[in-house]
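First up is the structure itself, then whatever we jot down about it.
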Amino acid sequence: MIATIKRRTLLCAAGAALLLSAAAVSGRQPNAAAANSRQIAIENFAFVPATVTVTAGTEIVWVNHDEEPHTVNSIDTAAAFKSPPLDTGDKFTFVFSRPGRYTYFCSIHPHMVGTITVK
Ligand SMILES: [Cu+2]
């Protein structure tokens with residue numbers, strides 16, 4: 001009985017740690033509200049639209065509509081972001097605060113490429 005409770009507590013702690021690391025990975029800044037938000041769909045092994053132009057401070061939300069897992073990984077180091085594998089319906093958010101041109105790809109299917117231009 002006690003062993004069961006301890007195990008549950010451990011599982012909860014592990015769950016909380018996962019949530020925390022997911023928040024860190026997403027690049028979300030809790031106190032900094034994004035000026036704008038844009039969605040990019042991941043469907044049929046492509047980022048749609050593949051090319052997006054936004055103003056600085058815009059939050060990009062990628063949503064995986066495929067049945068396959070995908071990731072969103074930056075190529076440039078100026079804005080480094082790396083999502084965990086996204087399952088169907090999963091989202092990944094990153095706020096682009098500085099102007100520039102950011103290319104990213106899916107690490108599982110490297111032919112999937114997209115570009116964010118921040119003005
Ligand atoms: Cu992919």
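Numbering starts fresh at 1 for the residues of each chain in the structure tokens, the chains themselves are lettered A, B, ... in the order given, and ligands are numbered from 1 as they appear.
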Within-10 Å residues of ligand 1, basis only C-alpha atoms and all ligand atoms, as a compact mmCIF listing (two decimals) with C-alpha atoms, in the first residue's frame:
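Produced file selection-v4.txt, reproduced below:
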```txt
# COMPACT_ATOMS: atom_id res chain seq x y z
CA ILE A 42 2.15 20.51 -40.41
CA GLU A 43 0.30 18.37 -42.96
CA ASN A 44 1.18 15.89 -45.70
CA PHE A 45 4.84 16.05 -44.62
CA ALA A 46 5.07 19.81 -45.16
CA PHE A 47 4.92 23.06 -43.21
CA ASN A 64 0.79 18.72 -36.38
CA ASP A 66 -0.41 14.37 -39.69
CA GLU A 68 3.16 10.80 -38.24
CA PRO A 69 5.28 12.55 -35.60
CA HIS A 70 7.20 15.64 -36.72
CA THR A 71 9.58 18.10 -35.09
CA VAL A 72 10.35 21.78 -35.56
CA PRO A 85 8.44 14.93 -31.47
CA LEU A 86 4.90 16.25 -32.01
CA PHE A 105 13.29 21.68 -40.58
CA CYS A 106 11.83 18.43 -39.26
CA SER A 107 14.61 16.31 -37.78
CA ILE A 108 12.65 13.12 -38.57
CA HIS A 109 12.03 14.09 -42.22
CA PRO A 110 14.82 16.57 -43.09
CA HIS A 111 13.28 17.37 -46.49
CA MET A 112 10.55 19.24 -44.58
CA VAL A 113 11.81 22.84 -44.46
```
Need the shell around stretch 94-103 of chain A: protein/DNA/RNA residues with any atom at most 6 Å away, counting only C-alpha atoms. Skip same-chain ones fewer than 3 positions apart. Format as a JSON list (two decimals) with C-alpha atoms, in the first residue's frame?
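Dumped to selection-v3.json:
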```
[["chain", "number", "residue", "atom", "x", "y", "z"],
["A", 26, "SER", "CA", 8.64, 25.68, -26.20],
["A", 27, "GLY", "CA", 10.43, 29.00, -25.76],
["A", 56, "ALA", "CA", 9.08, 41.02, -34.20],
["A", 57, "GLY", "CA", 7.36, 39.68, -31.11],
["A", 58, "THR", "CA", 5.09, 37.34, -33.05],
["A", 59, "GLU", "CA", 4.36, 33.95, -31.60],
["A", 60, "ILE", "CA", 4.40, 31.09, -34.10],
["A", 75, "ILE", "CA", 18.94, 25.57, -38.40],
["A", 114, "GLY", "CA", 10.26, 26.18, -43.60],
["A", 115, "THR", "CA", 11.35, 29.80, -43.24],
["A", 116, "ILE", "CA", 10.20, 32.53, -40.88],
["A", 117, "THR", "CA", 11.13, 36.09, -41.80],
["A", 118, "VAL", "CA", 10.85, 38.50, -38.88],
["A", 119, "LYS", "CA", 10.73, 42.22, -39.71]]
```
_Distance in Å - atom CA of A:Val52 versus atom CA of A:Glu67_ =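 Here the two named atoms are 23.8 Å from each other.
Nearest-residue note for A:Ala80: choosing from A:Tyr104, A:Phe92, A:Asn36, A:Trp62, the minimum distance belongs to A:Tyr104, counting only C-alpha atoms.
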_Best match for closeness to A:Thr88 among A:Val54, A:Ala41, A:His65, A:Asp76, counting only C-alpha atoms_ = A:His65
*For the atom pair atom CA of A:Gln39 and atom CA of A:Thr55, what is the interatomic distance in Å to one decimal place?*
14.0 Å
*Between atom CA of A:Thr77 and atom CA of A:Thr93, distance in Å (one decimal)*: 17.1 Å
